[in-house]
Amino acid sequence: MKNRYPLLLSMALVVSVTSARELTRDTVKLNEVVVTAPLKTDPELIPLDVTVISEGQIEKSAESSLLPVLEAKVPGLFVTERGFEGYGVSGASAGSGQVYIRGVGDGGNKVLFMIDGQPQWAGIFGHSLADTYVANGVERIEVIKGPSSLLYGSNAMGGSINLITKTQKKDGVTGRARAMFGSFTTQKFSLSTGYKKGKFSATLGGQLDRSNGNRDRSSFWLANEFAQLKYAISGNWSLAGMLDMTQSFSNYPGSIQQPRENTWSDIFRGTGGIYVKNSYAKMDGGIQGYVNWGRHKIDDGNLIDKEQPTDYLFNSDDYNMGFTIYESFYLWKMNTLSAGVDFQHWGGHMWNTDKVDPDIKSSEEKHHVNEIAGYVMMQQGFFNDILNINGGVRIQHGSSYGNVWVPQAGFIVKPGYNAQIKASFSKGFTSPNIRQLYLYPPKNPDLKPEYLLNYEISYTQQFLDNRLTLGAAIYFIDGRNMIQLGAVDGRRMWQNTGKFHNKGFELEASYSILPNLQASASWAYLHCDSDNLYSPKNKLNAEVTYSPGNFSFTIEEMSIWGMKYGNPNGSSIDYTLLNLRASYTYPAKVPVTLFVKIDNITDRHYEIIYGYPMPGATFMGGVEVKF
């Protein structure tokens, strides 16, 4: 272990997640970006640590799923994986596709995913569906590290990830087509196009992924379709609607200790929304309605040579729908008052069907929950905007748990010389899901929400004409009321008995060495007072990009130390991965780009989830045409 810290320090000196030049183009602070998706308030008012991953970074990664991009670009964020392609769902996923921010995220419903502010999670089990978060149709990703419940309510306890969809900005027609081929007979195709004329714009996209996977019985396919329409009603009002649908089928091979067969999940997810926005000199906001729904069919299969195949299939339909009304008022100089009302109705229907006679149903359940909330947040600037003080409160009522208060307070100081200091106290919470409330013997309809208190301070500074950017953050998280299995009168039952404390710090830097040479690194240290799974004690990311002419070469590194991964003996795992990206763009009226990516070029053998070996070196190559 003692040899690792010199490596950490030397890598930290190489510095952060892109150059200062790229910081404006790719990973940027939100107040430097014009975001066309509906936002409940000006993001620069948020005193928490906020990162945006741009379309340029997503394209350069050559990834079709957004989760690897998030893991590479956001310090303190970690994603569980069980193989080369596909994450699966429910029991057939073995915990795959869960997102942790600063060690918070266990169970998959403590980090809120959104598409244009619309919450995305299964209405019965409360978890996100990792396979649905694809690059198709996404313009940038807004990540808030820390509780976002003031604005977004439940499931934003550990943070929020908002996928902001593409908008056609130029008149006429533009588009992009991409095809990729690689290891394990993997094929990936995507096509997107946009059209704009005057006040009207439209964006359409499609994506198809197929792979045999790195293990027997681990094949996977996914299709995604995206559409968005926008119309500027007037100079002050605009109207938009979007639809995003994903179909996926994943096979689950089980662990190497307990291999399975006939185990698969067939998933359809959709989300749709419509919103009206207004923008005036003294106020802006909007009304947004949405629905997120799903249809799932799962075969739990059997242990090879030890069990008979199951005679039933698990089925579920779920929904998560609601509306939000939000408005920001600019009452006087350097003042912003944001307020809103949210309503959510979520739930679903689950049952088993006989494989021989699908008309025979059993274990049927149907439940729903209603939640309504109001919030207000104000920011006031002083001393020519050098100091900004922020505070807000949310009250939310749930039909299953009653009332929850969510306070938040903080300040932002800009002392000059391109420096910024943020400090905040915030609360986040997660409502119990329907499985915990009403399903199966451990159910407990009297459960209360889990919650945490977050204390954080961060500092950023730019030097050398903004070519060098340094950043640091330190935090303390106090988690309470965690839902855990306990015993009541001799029987197992979900109870609000758990608690935890996480603390740590993050360092980031970026340096534009030359106009075509950038280096970057980030280091996240996390200390948990319990043996949390999938919460690395140290996570180091580094990247160097060299772009001579029409060529571009990037080498990426990610190191993980001290992560519990489910080994029965309680041990932790360490590993380092090196990835290479290379591309050449032929300059023409219709540019053509050839690219390759090699992941894990040192052929490191490792596991993220115990019993599920990750692949060694993998290769993908492809071509992209923009028009």
# chains A, B, ... in the order shown; residues from 1 in each chain; ligands from 1
$ residues_around --residues "Ser201 (chain A)" --least-positions-apart "4" --cutoff "10 Å" --atoms "only C-alpha atoms" --output "list in words"
Thr167, Gln168, Lys169, Lys170, Asp171, Gly172, Val173, Gly194, Tyr195, Lys196, Lys197, Gln228, Leu229, Lys230, Tyr231, Ala232 and Ala240 of chain A
$ residues_around --residues "Ile474 (chain A)" --least-positions-apart "6" --cutoff "6 Å" --atoms "only C-alpha atoms" --output "list in words"
Glu456, Ile457, Gly504 and Phe505 of chain A
$ write_last_selection --atoms "C-alpha atoms" --output "mmCIF file, in the first residue's frame"
data_model
loop_
_atom_site.group_PDB
_atom_site.id
_atom_site.type_symbol
_atom_site.label_atom_id
_atom_site.label_comp_id
_atom_site.auth_asym_id
_atom_site.auth_seq_id
_atom_site.Cartn_x
_atom_site.Cartn_y
_atom_site.Cartn_z
ATOM 1 C CA GLU A 456 -19.705 20.275 2.272
ATOM 2 C CA ILE A 457 -17.166 22.920 1.313
ATOM 3 C CA GLY A 504 -13.921 12.279 2.438
ATOM 4 C CA PHE A 505 -12.365 14.722 0.031
#
$ closest_residue --among "A:Ile372, A:Ala519, A:Val138, A:Met350" --to "Ile395 (chain A)" --atoms "only C-alpha atoms"
A:Ile372
$ residues_around --residues "Gln436 (chain A)" --least-positions-apart "3" --cutoff "9 Å" --atoms "only C-alpha atoms" --output "ChimeraX atom specification"
/A:125,432-433,439-440,442-445,447,483,493-494
$ residues_around --residues "Gly348 (chain A)" --least-positions-apart "2" --cutoff "9 Å" --atoms "only C-alpha atoms" --output "mmCIF file with all heavy atoms, in the first residue's frame"
data_model
loop_
_atom_site.group_PDB
_atom_site.id
_atom_site.type_symbol
_atom_site.label_atom_id
_atom_site.label_comp_id
_atom_site.auth_asym_id
_atom_site.auth_seq_id
_atom_site.Cartn_x
_atom_site.Cartn_y
_atom_site.Cartn_z
ATOM 1 N N ALA A 122 -38.222 2.770 -11.567
ATOM 2 C CA ALA A 122 -39.310 1.810 -11.609
ATOM 3 C C ALA A 122 -40.261 2.059 -10.448
ATOM 4 O O ALA A 122 -39.846 2.175 -9.291
ATOM 5 C CB ALA A 122 -38.762 0.379 -11.548
ATOM 6 N N GLY A 123 -41.562 2.122 -10.754
ATOM 7 C CA GLY A 123 -42.542 2.517 -9.750
ATOM 8 C C GLY A 123 -42.778 1.514 -8.652
ATOM 9 O O GLY A 123 -43.288 1.869 -7.589
ATOM 10 N N ILE A 124 -42.433 0.229 -8.851
ATOM 11 C CA ILE A 124 -42.636 -0.771 -7.801
ATOM 12 C C ILE A 124 -41.413 -0.873 -6.903
ATOM 13 O O ILE A 124 -41.493 -0.771 -5.687
ATOM 14 C CB ILE A 124 -42.962 -2.153 -8.411
ATOM 15 C CG1 ILE A 124 -44.299 -2.117 -9.141
ATOM 16 C CG2 ILE A 124 -42.991 -3.228 -7.326
ATOM 17 C CD1 ILE A 124 -44.670 -3.420 -9.813
ATOM 18 N N SER A 316 -44.216 -7.562 -14.457
ATOM 19 C CA SER A 316 -44.604 -6.330 -13.767
ATOM 20 C C SER A 316 -44.840 -5.212 -14.772
ATOM 21 O O SER A 316 -44.187 -5.139 -15.817
ATOM 22 C CB SER A 316 -43.541 -5.897 -12.749
ATOM 23 O OG SER A 316 -42.365 -5.438 -13.384
ATOM 24 N N ASP A 317 -45.825 -4.402 -14.467
ATOM 25 C CA ASP A 317 -46.057 -3.125 -15.137
ATOM 26 C C ASP A 317 -45.927 -2.048 -14.071
ATOM 27 O O ASP A 317 -46.447 -2.218 -12.967
ATOM 28 C CB ASP A 317 -47.466 -3.050 -15.733
ATOM 29 C CG ASP A 317 -47.663 -4.013 -16.889
ATOM 30 O OD1 ASP A 317 -46.733 -4.147 -17.689
ATOM 31 O OD2 ASP A 317 -48.742 -4.627 -16.972
ATOM 32 N N ASP A 318 -45.251 -0.977 -14.369
ATOM 33 C CA ASP A 318 -45.149 0.090 -13.380
ATOM 34 C C ASP A 318 -45.225 1.443 -14.056
ATOM 35 O O ASP A 318 -45.109 1.561 -15.277
ATOM 36 C CB ASP A 318 -43.865 -0.038 -12.561
ATOM 37 C CG ASP A 318 -42.626 0.313 -13.365
ATOM 38 O OD1 ASP A 318 -42.311 1.507 -13.458
ATOM 39 O OD2 ASP A 318 -41.970 -0.605 -13.909
ATOM 40 N N TYR A 319 -45.415 2.465 -13.241
ATOM 41 C CA TYR A 319 -45.536 3.821 -13.757
ATOM 42 C C TYR A 319 -45.052 4.802 -12.696
ATOM 43 O O TYR A 319 -45.018 4.525 -11.499
ATOM 44 C CB TYR A 319 -46.990 4.133 -14.132
ATOM 45 C CG TYR A 319 -47.964 3.864 -13.003
ATOM 46 C CD1 TYR A 319 -48.203 4.806 -12.008
ATOM 47 C CD2 TYR A 319 -48.629 2.641 -12.919
ATOM 48 C CE1 TYR A 319 -49.070 4.541 -10.962
ATOM 49 C CE2 TYR A 319 -49.500 2.367 -11.887
ATOM 50 C CZ TYR A 319 -49.717 3.327 -10.906
ATOM 51 O OH TYR A 319 -50.562 3.058 -9.857
ATOM 52 N N ASN A 320 -44.657 5.953 -13.164
ATOM 53 C CA ASN A 320 -44.224 7.059 -12.312
ATOM 54 C C ASN A 320 -44.596 8.324 -13.080
ATOM 55 O O ASN A 320 -43.951 8.665 -14.066
ATOM 56 C CB ASN A 320 -42.719 6.971 -12.048
ATOM 57 C CG ASN A 320 -42.184 8.174 -11.322
ATOM 58 O OD1 ASN A 320 -42.931 8.914 -10.691
ATOM 59 N ND2 ASN A 320 -40.884 8.384 -11.415
ATOM 60 N N TRP A 346 -47.073 7.183 -8.261
ATOM 61 C CA TRP A 346 -46.257 6.080 -8.743
ATOM 62 C C TRP A 346 -46.704 4.760 -8.118
ATOM 63 O O TRP A 346 -47.285 4.718 -7.038
ATOM 64 C CB TRP A 346 -44.771 6.322 -8.485
ATOM 65 C CG TRP A 346 -44.374 6.725 -7.087
ATOM 66 C CD1 TRP A 346 -44.319 7.987 -6.580
ATOM 67 C CD2 TRP A 346 -43.972 5.855 -6.020
ATOM 68 N NE1 TRP A 346 -43.903 7.976 -5.274
ATOM 69 C CE2 TRP A 346 -43.674 6.667 -4.899
ATOM 70 C CE3 TRP A 346 -43.807 4.482 -5.901
ATOM 71 C CZ2 TRP A 346 -43.241 6.166 -3.684
ATOM 72 C CZ3 TRP A 346 -43.373 3.958 -4.676
ATOM 73 C CH2 TRP A 346 -43.090 4.806 -3.601
ATOM 74 N N MET A 350 -47.822 -6.347 -10.324
ATOM 75 C CA MET A 350 -46.897 -7.458 -10.520
ATOM 76 C C MET A 350 -47.634 -8.771 -10.359
ATOM 77 O O MET A 350 -48.603 -8.878 -9.600
ATOM 78 C CB MET A 350 -45.726 -7.361 -9.554
ATOM 79 C CG MET A 350 -46.089 -7.262 -8.092
ATOM 80 S SD MET A 350 -44.661 -7.376 -7.011
ATOM 81 C CE MET A 350 -44.356 -9.141 -7.083
ATOM 82 N N GLU A 365 -50.158 -8.592 -7.158
ATOM 83 C CA GLU A 365 -50.198 -7.438 -6.250
ATOM 84 C C GLU A 365 -50.332 -6.162 -7.077
ATOM 85 O O GLU A 365 -49.800 -6.068 -8.197
ATOM 86 C CB GLU A 365 -48.918 -7.342 -5.413
ATOM 87 C CG GLU A 365 -48.658 -8.530 -4.503
ATOM 88 C CD GLU A 365 -49.254 -8.339 -3.116
ATOM 89 O OE1 GLU A 365 -49.918 -7.307 -2.895
ATOM 90 O OE2 GLU A 365 -49.046 -9.222 -2.270
ATOM 91 N N LYS A 366 -51.031 -5.164 -6.504
ATOM 92 C CA LYS A 366 -51.167 -3.868 -7.176
ATOM 93 C C LYS A 366 -51.224 -2.778 -6.107
ATOM 94 O O LYS A 366 -52.060 -2.842 -5.198
ATOM 95 C CB LYS A 366 -52.432 -3.838 -8.024
ATOM 96 C CG LYS A 366 -52.584 -2.577 -8.878
ATOM 97 C CD LYS A 366 -53.868 -2.608 -9.694
ATOM 98 C CE LYS A 366 -53.808 -3.642 -10.779
ATOM 99 N NZ LYS A 366 -55.005 -3.580 -11.670
ATOM 100 N N HIS A 367 -50.322 -1.797 -6.194
ATOM 101 C CA HIS A 367 -50.249 -0.737 -5.179
ATOM 102 C C HIS A 367 -49.812 0.569 -5.832
ATOM 103 O O HIS A 367 -49.226 0.573 -6.925
ATOM 104 C CB HIS A 367 -49.249 -1.106 -4.076
ATOM 105 C CG HIS A 367 -49.574 -2.373 -3.357
ATOM 106 N ND1 HIS A 367 -50.486 -2.439 -2.329
ATOM 107 C CD2 HIS A 367 -49.107 -3.639 -3.542
ATOM 108 C CE1 HIS A 367 -50.563 -3.682 -1.891
ATOM 109 N NE2 HIS A 367 -49.746 -4.425 -2.607
ATOM 110 N N HIS A 368 -50.054 1.682 -5.133
ATOM 111 C CA HIS A 368 -49.565 2.976 -5.599
ATOM 112 C C HIS A 368 -49.346 3.903 -4.403
ATOM 113 O O HIS A 368 -49.833 3.654 -3.303
ATOM 114 C CB HIS A 368 -50.538 3.613 -6.595
ATOM 115 C CG HIS A 368 -51.803 4.111 -5.967
ATOM 116 N ND1 HIS A 368 -52.929 3.340 -5.853
ATOM 117 C CD2 HIS A 368 -52.125 5.309 -5.391
ATOM 118 C CE1 HIS A 368 -53.885 4.029 -5.252
ATOM 119 N NE2 HIS A 368 -53.423 5.229 -4.964
ATOM 120 N N ILE A 434 -42.439 0.385 -2.908
ATOM 121 C CA ILE A 434 -43.617 -0.459 -2.732
ATOM 122 C C ILE A 434 -43.240 -1.864 -2.280
ATOM 123 O O ILE A 434 -43.961 -2.482 -1.487
ATOM 124 C CB ILE A 434 -44.436 -0.465 -4.040
ATOM 125 C CG1 ILE A 434 -45.215 0.854 -4.131
ATOM 126 C CG2 ILE A 434 -45.384 -1.654 -4.113
ATOM 127 C CD1 ILE A 434 -45.998 1.039 -5.394
#
$ select_by_dssp --residues "region 25-167 of chain A" --states "helix (DSSP H, G or I)" --output "PyMOL selection string"
chain A and resi 25+30-32+43-45+55-61+67-73+90-93+130-132+149-152
$ closest_residue --among "A:Thr545, A:Met620, A:His397, A:Gly410" --to "Lys188 (chain A)" --atoms "only C-alpha atoms"
A:Met620
$ residues_around --residues "region 63-80 of chain A" --least-positions-apart "4" --cutoff "6 Å" --atoms "only C-alpha atoms" --output "PyMOL selection string"
chain A and resi 96-102+133-135+524
$ residues_around --residues "Lys539 (chain A)" --least-positions-apart "4" --cutoff "10 Å" --atoms "only C-alpha atoms" --output "list in words"
Leu8, Glu71, Pro75, Gly76, Leu77, Phe78, Glu506, Ser522, Trp523, Ala524, Tyr525, Leu526, Ser535, Met558, Ser559, Ile560, Trp561, Gly562, Met563, Asp574 and Thr576 of chain A
$ write_last_selection --atoms "N, CA and C atoms" --output "mmCIF file, in the first residue's frame"
data_model
loop_
_atom_site.group_PDB
_atom_site.id
_atom_site.type_symbol
_atom_site.label_atom_id
_atom_site.label_comp_id
_atom_site.auth_asym_id
_atom_site.auth_seq_id
_atom_site.Cartn_x
_atom_site.Cartn_y
_atom_site.Cartn_z
ATOM 1 N N LEU A 8 -0.354 8.225 -6.500
ATOM 2 C CA LEU A 8 -1.483 9.138 -6.399
ATOM 3 C C LEU A 8 -1.030 10.584 -6.490
ATOM 4 N N GLU A 71 -18.663 7.518 -14.722
ATOM 5 C CA GLU A 71 -17.641 6.997 -13.814
ATOM 6 C C GLU A 71 -16.272 7.593 -14.118
ATOM 7 N N PRO A 75 -15.560 12.715 -10.140
ATOM 8 C CA PRO A 75 -14.889 12.213 -8.941
ATOM 9 C C PRO A 75 -15.911 11.785 -7.882
ATOM 10 N N GLY A 76 -15.638 10.677 -7.221
ATOM 11 C CA GLY A 76 -16.523 10.206 -6.163
ATOM 12 C C GLY A 76 -17.713 9.413 -6.649
ATOM 13 N N LEU A 77 -17.845 9.207 -7.975
ATOM 14 C CA LEU A 77 -18.962 8.429 -8.517
ATOM 15 C C LEU A 77 -18.444 7.076 -8.984
ATOM 16 N N PHE A 78 -19.171 6.014 -8.609
ATOM 17 C CA PHE A 78 -18.765 4.651 -8.972
ATOM 18 C C PHE A 78 -19.975 3.873 -9.441
ATOM 19 N N GLU A 506 -12.134 15.329 -2.286
ATOM 20 C CA GLU A 506 -11.884 15.137 -3.715
ATOM 21 C C GLU A 506 -10.964 16.237 -4.213
ATOM 22 N N SER A 522 -8.099 13.357 -11.305
ATOM 23 C CA SER A 522 -8.927 13.610 -10.124
ATOM 24 C C SER A 522 -8.745 12.454 -9.158
ATOM 25 N N TRP A 523 -8.798 12.772 -7.882
ATOM 26 C CA TRP A 523 -8.637 11.750 -6.836
ATOM 27 C C TRP A 523 -9.755 11.953 -5.824
ATOM 28 N N ALA A 524 -10.464 10.854 -5.522
ATOM 29 C CA ALA A 524 -11.543 10.876 -4.531
ATOM 30 C C ALA A 524 -11.189 9.904 -3.409
ATOM 31 N N TYR A 525 -11.188 10.414 -2.187
ATOM 32 C CA TYR A 525 -10.944 9.582 -0.999
ATOM 33 C C TYR A 525 -12.235 9.509 -0.192
ATOM 34 N N LEU A 526 -12.612 8.298 0.219
ATOM 35 C CA LEU A 526 -13.847 8.077 0.958
ATOM 36 C C LEU A 526 -13.584 7.180 2.157
ATOM 37 N N SER A 535 -17.937 0.882 -2.568
ATOM 38 C CA SER A 535 -17.607 2.257 -2.186
ATOM 39 C C SER A 535 -16.092 2.350 -2.046
ATOM 40 N N MET A 558 -7.928 4.576 -14.671
ATOM 41 C CA MET A 558 -8.758 4.562 -13.472
ATOM 42 C C MET A 558 -8.196 3.524 -12.510
ATOM 43 N N SER A 559 -7.919 3.957 -11.290
ATOM 44 C CA SER A 559 -7.425 3.060 -10.250
ATOM 45 C C SER A 559 -8.412 3.034 -9.093
ATOM 46 N N ILE A 560 -8.665 1.849 -8.592
ATOM 47 C CA ILE A 560 -9.557 1.632 -7.459
ATOM 48 C C ILE A 560 -8.767 0.912 -6.379
ATOM 49 N N TRP A 561 -8.820 1.440 -5.152
ATOM 50 C CA TRP A 561 -8.174 0.794 -4.012
ATOM 51 C C TRP A 561 -9.142 0.692 -2.847
ATOM 52 N N GLY A 562 -9.105 -0.440 -2.182
ATOM 53 C CA GLY A 562 -9.847 -0.607 -0.935
ATOM 54 C C GLY A 562 -11.347 -0.657 -1.118
ATOM 55 N N MET A 563 -11.849 -1.445 -2.100
ATOM 56 C CA MET A 563 -13.294 -1.542 -2.318
ATOM 57 C C MET A 563 -13.803 -2.920 -1.903
ATOM 58 N N ASP A 574 -8.302 -4.235 -5.259
ATOM 59 C CA ASP A 574 -7.601 -3.114 -5.879
ATOM 60 C C ASP A 574 -7.393 -3.451 -7.354
ATOM 61 N N THR A 576 -6.218 -1.433 -11.443
ATOM 62 C CA THR A 576 -5.956 -0.272 -12.291
ATOM 63 C C THR A 576 -6.256 -0.636 -13.733
#
